[in-house]
Structure formats: structure tokens, C-alpha cells
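Asks: Here's a structure for you.
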Amino acid sequence: MRIILVLVSLSLIGCSPVWEVKPYEVYYIDGTKTLGYSIGKGAYIGRIDEPVNINANKKYISVYACPYKTCSFYYIDRTKDHEFAEHDEFVFGPYTNEQFTTLVKNLGLPSVSSE
């Protein structure tokens, strides 16, 4: 019986979607998955809800997310973000696939898939 519990626990941990590039990481609160800015000791400032795919480079984080059941592309300008910044200063979107593809080329955003 213990072996089954251990295997189930390991499979759940292994299947958990986890993404982290300090100080950003994906966390869950009340069943909502959020990409947030970690301020330490398990505290976060939310940035984008319900991320599906995330990719980052030194300047930007690209996110395909489905907040409110509507999926779109977003990006975060990491050079402007800090724990006291206003959300609209560094989080941009929502964008369509076509709009985001243009931004990837023009700004050097990391590409991210909608799948």
C-alpha cells in the first residue's frame, strides 16, 4: 500500500506544471495558476493568470495564457518590472497570434507556442 501511495505522489509531482526564472514563477492559489513575481517567503505579486506556455530571455517573458477562458499572447518587459511597479508599465497584451508574431520579430521577444 505504501508503494502505491509513493508512486501516486511521485507521478503527481512529476506532472505538475512548474516554471521558474527568478524572481518569476508559476504558483497556485485556490486552483488558479498564476505567473507571479516572487517577493520571498512564499509571497507573490501576480502578473498573468492561467499561463499555458512561457518562454523567457534576459529582457522579456513571453506568455500564452487563457485568463477568463479567452486565450491570447502577452509579454512582460523584465527591465521595467519590480515589486512596486504598476502592472500596465511592464505587462503587455492581449495579442493575437499575428500581432504577437510581429512583436517577436520587432522586439526580439522569445517565441512561445499556443499549444
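Chain labels follow the order of the C-alpha cells: the first chain is A, the next B, and so on; residue numbering restarts at 1 in every chain, and ligands are counted from 1 in their shown order.
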For region 30-41 of chain A, work out the shell of residues within 10 Å, counting only C-alpha atoms and skipping chain neighbours fewer than 5 positions away, then give it as a short mmCIF file (atom, residue, chain, number, x, y, z; two decimals) with N, CA, C and O atoms, in the first residue's frame.
Replies:
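Here's the written file around_30.cif:
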```
data_model
loop_
_atom_site.label_atom_id
_atom_site.label_comp_id
_atom_site.auth_asym_id
_atom_site.auth_seq_id
_atom_site.Cartn_x
_atom_site.Cartn_y
_atom_site.Cartn_z
N PRO A 17 2.82 21.26 -13.58
CA PRO A 17 3.46 22.26 -14.44
C PRO A 17 4.21 23.27 -13.57
O PRO A 17 3.61 23.93 -12.74
N TRP A 19 7.25 26.35 -13.66
CA TRP A 19 8.12 27.21 -14.45
C TRP A 19 8.68 28.24 -13.50
O TRP A 19 7.96 28.81 -12.67
N GLU A 20 9.97 28.48 -13.62
CA GLU A 20 10.61 29.43 -12.73
C GLU A 20 11.85 30.03 -13.39
O GLU A 20 12.71 29.31 -13.89
N VAL A 21 11.90 31.34 -13.43
CA VAL A 21 13.08 32.11 -13.78
C VAL A 21 13.07 33.27 -12.80
O VAL A 21 12.23 34.17 -12.90
N LYS A 22 13.92 33.20 -11.81
CA LYS A 22 13.91 34.15 -10.70
C LYS A 22 13.87 35.59 -11.20
O LYS A 22 14.57 35.93 -12.14
N PRO A 23 13.05 36.44 -10.63
CA PRO A 23 12.16 36.23 -9.50
C PRO A 23 10.75 35.76 -9.88
O PRO A 23 9.84 35.80 -9.06
N TYR A 24 10.56 35.32 -11.11
CA TYR A 24 9.24 34.90 -11.58
C TYR A 24 9.06 33.40 -11.40
O TYR A 24 9.98 32.63 -11.57
N GLU A 25 7.83 33.02 -11.06
CA GLU A 25 7.49 31.61 -11.03
C GLU A 25 5.98 31.42 -11.10
O GLU A 25 5.22 32.34 -10.84
N GLY A 46 0.98 38.81 -8.46
CA GLY A 46 0.51 38.21 -9.70
C GLY A 46 0.79 39.07 -10.92
O GLY A 46 0.69 40.30 -10.85
N ARG A 47 1.15 38.40 -12.01
CA ARG A 47 1.41 39.10 -13.26
C ARG A 47 0.42 38.68 -14.34
O ARG A 47 -0.25 39.51 -14.92
N ILE A 48 0.32 37.37 -14.63
CA ILE A 48 -0.58 36.88 -15.67
C ILE A 48 -1.23 35.58 -15.18
O ILE A 48 -0.54 34.64 -14.82
N ASP A 49 -2.57 35.56 -15.20
CA ASP A 49 -3.31 34.38 -14.76
C ASP A 49 -3.40 33.33 -15.87
O ASP A 49 -3.44 33.67 -17.04
N GLU A 50 -3.46 32.10 -15.43
CA GLU A 50 -3.66 30.92 -16.29
C GLU A 50 -2.67 30.82 -17.46
O GLU A 50 -3.07 30.64 -18.61
N PRO A 51 -1.36 30.90 -17.17
CA PRO A 51 -0.39 30.72 -18.24
C PRO A 51 -0.40 29.27 -18.74
O PRO A 51 -0.54 28.34 -17.95
N VAL A 52 -0.28 29.11 -20.05
CA VAL A 52 -0.23 27.78 -20.66
C VAL A 52 1.20 27.48 -21.08
O VAL A 52 1.74 26.43 -20.79
N ILE A 54 5.22 29.41 -21.45
CA ILE A 54 6.05 30.55 -21.07
C ILE A 54 7.44 30.34 -21.62
O ILE A 54 7.97 29.24 -21.58
N VAL A 63 4.30 34.94 -22.93
CA VAL A 63 3.34 34.05 -22.29
C VAL A 63 2.13 33.85 -23.19
O VAL A 63 1.59 34.82 -23.73
N ALA A 65 -1.50 32.61 -22.54
CA ALA A 65 -2.32 32.40 -21.35
C ALA A 65 -3.80 32.44 -21.69
O ALA A 65 -4.20 33.02 -22.70
N PRO A 67 -6.58 33.55 -19.40
CA PRO A 67 -7.38 34.09 -18.29
C PRO A 67 -8.82 34.31 -18.77
O PRO A 67 -9.05 34.65 -19.93
N ASP A 81 10.05 45.85 -14.79
CA ASP A 81 9.30 45.23 -13.71
C ASP A 81 10.09 45.23 -12.41
O ASP A 81 11.29 44.98 -12.39
N HIS A 82 9.39 45.53 -11.33
CA HIS A 82 9.93 45.40 -9.98
C HIS A 82 8.73 45.30 -9.05
O HIS A 82 7.59 45.49 -9.46
N GLU A 83 8.96 44.98 -7.81
CA GLU A 83 7.84 44.69 -6.91
C GLU A 83 6.92 45.88 -6.65
O GLU A 83 5.78 45.70 -6.23
#
```
Asks: For Phe100 (chain A), find every residue with an atom within 8 Å (counting only C-alpha atoms), except residues of its own chain fewer than 5 positions away, and show them as a ChimeraX atom specification.
Replies: /A:73-74,95
Asks: Just all heavy atoms for this one: save the residues we selected as a PDB file, in the first residue's frame.
Replies:
```pdb
ATOM      1  N   PHE A  73      -1.836  36.056 -26.357  1.00  0.00           N
ATOM      2  CA  PHE A  73      -0.407  36.195 -26.100  1.00  0.00           C
ATOM      3  C   PHE A  73      -0.160  37.466 -25.295  1.00  0.00           C
ATOM      4  O   PHE A  73      -0.831  38.488 -25.494  1.00  0.00           O
ATOM      5  CB  PHE A  73       0.365  36.267 -27.418  1.00  0.00           C
ATOM      6  CG  PHE A  73       0.334  34.980 -28.188  1.00  0.00           C
ATOM      7  CD1 PHE A  73      -0.682  34.729 -29.097  1.00  0.00           C
ATOM      8  CD2 PHE A  73       1.315  34.022 -28.006  1.00  0.00           C
ATOM      9  CE1 PHE A  73      -0.721  33.552 -29.813  1.00  0.00           C
ATOM     10  CE2 PHE A  73       1.287  32.836 -28.714  1.00  0.00           C
ATOM     11  CZ  PHE A  73       0.266  32.602 -29.619  1.00  0.00           C
ATOM     12  N   TYR A  74       0.842  37.397 -24.416  1.00  0.00           N
ATOM     13  CA  TYR A  74       1.234  38.522 -23.574  1.00  0.00           C
ATOM     14  C   TYR A  74       2.754  38.539 -23.491  1.00  0.00           C
ATOM     15  O   TYR A  74       3.411  37.544 -23.767  1.00  0.00           O
ATOM     16  CB  TYR A  74       0.702  38.350 -22.144  1.00  0.00           C
ATOM     17  CG  TYR A  74      -0.792  38.256 -22.054  1.00  0.00           C
ATOM     18  CD1 TYR A  74      -1.452  37.042 -22.278  1.00  0.00           C
ATOM     19  CD2 TYR A  74      -1.551  39.367 -21.738  1.00  0.00           C
ATOM     20  CE1 TYR A  74      -2.829  36.952 -22.200  1.00  0.00           C
ATOM     21  CE2 TYR A  74      -2.932  39.282 -21.650  1.00  0.00           C
ATOM     22  CZ  TYR A  74      -3.560  38.077 -21.888  1.00  0.00           C
ATOM     23  OH  TYR A  74      -4.928  37.989 -21.809  1.00  0.00           O
ATOM     24  N   TYR A  95      -2.632  39.885 -27.193  1.00  0.00           N
ATOM     25  CA  TYR A  95      -2.343  39.972 -28.618  1.00  0.00           C
ATOM     26  C   TYR A  95      -2.816  38.713 -29.323  1.00  0.00           C
ATOM     27  O   TYR A  95      -2.808  37.627 -28.752  1.00  0.00           O
ATOM     28  CB  TYR A  95      -0.832  40.115 -28.860  1.00  0.00           C
ATOM     29  CG  TYR A  95      -0.243  41.382 -28.304  1.00  0.00           C
ATOM     30  CD1 TYR A  95       0.521  41.353 -27.141  1.00  0.00           C
ATOM     31  CD2 TYR A  95      -0.445  42.601 -28.938  1.00  0.00           C
ATOM     32  CE1 TYR A  95       1.075  42.512 -26.627  1.00  0.00           C
ATOM     33  CE2 TYR A  95       0.106  43.772 -28.424  1.00  0.00           C
ATOM     34  CZ  TYR A  95       0.861  43.724 -27.267  1.00  0.00           C
ATOM     35  OH  TYR A  95       1.402  44.875 -26.753  1.00  0.00           O
TER      36      TYR A  95
END
```
Asks: Within region 30-83 of chain A, find each residue whose DSSP state, derived from the backbone, is strand (DSSP E or B), and express the selection as a PyMOL selection string.
Replies: chain A and resi 32-40+43-49+51-56+60-65+72-77
Asks: Skip Phe90 (chain A) itself and residues of its chain fewer than 6 positions away, then list as a PyMOL selection string all residues within 9 Å of it, counting only C-alpha atoms.
Replies: chain A and resi 75-81
Asks: Can you work out the spacing between CA of Glu89 (chain A) and CA of Asn55 (chain A) in Å, to one decimal?
Replies: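 We find that CA of Glu89 (chain A) and CA of Asn55 (chain A) lie 19.8 Å from each other.
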Asks: Of the candidates A:Tyr28, A:Asn57, A:Val91, A:Ser111, which one gets nearest to Ala43 (chain A) if we count only C-alpha atoms?
Replies: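 Smallest separation from Ala43 (chain A) among the options: A:Tyr28.
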Asks: Identify all residues of region 42-107 of chain A in helix (DSSP H, G or I) (DSSP on the backbone) and supply them as a list of chain:residue names.
Replies: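 Those in region 42-107 of chain A that DSSP calls helix (DSSP H, G or I) are A:Pro67, A:Tyr68, A:Lys69, A:His87, A:Asp88, A:Glu89, A:Asn97, A:Glu98, A:Gln99, A:Phe100, A:Thr101, A:Thr102, A:Leu103, A:Val104, A:Lys105, A:Asn106, A:Leu107.
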Asks: Name the residues in contact with Pro110 (chain A) at a cut-off of 7 Å, using only C-alpha atoms, excluding same-chain residues fewer than 2 positions from it; report them as a VMD selection string.
Replies: chain A and resid 55 to 57 61 to 62 104 108 112
Asks: Measuring between only C-alpha atoms, which one of A:Cys71, A:Ile29, A:Leu107, A:Ala85 shows the shortest distance to Asn53 (chain A)?
Replies: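 Checking each candidate against Asn53 (chain A), we get A:Cys71 as the closest.
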Asks: Would you work out the distance separating CA of Cys66 (chain A) from CA of Asp88 (chain A), expressed in Å to one decimal?
Replies: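 Rounded to one decimal, the two atoms are 18.3 Å apart.
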Asks: Just give me the gap between CA of Glu98 (chain A) and CA of Ser114 (chain A) in Å, one decimal is fine.
Replies: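 CA of Ser114 (chain A) lies 11.8 Å from CA of Glu98 (chain A).
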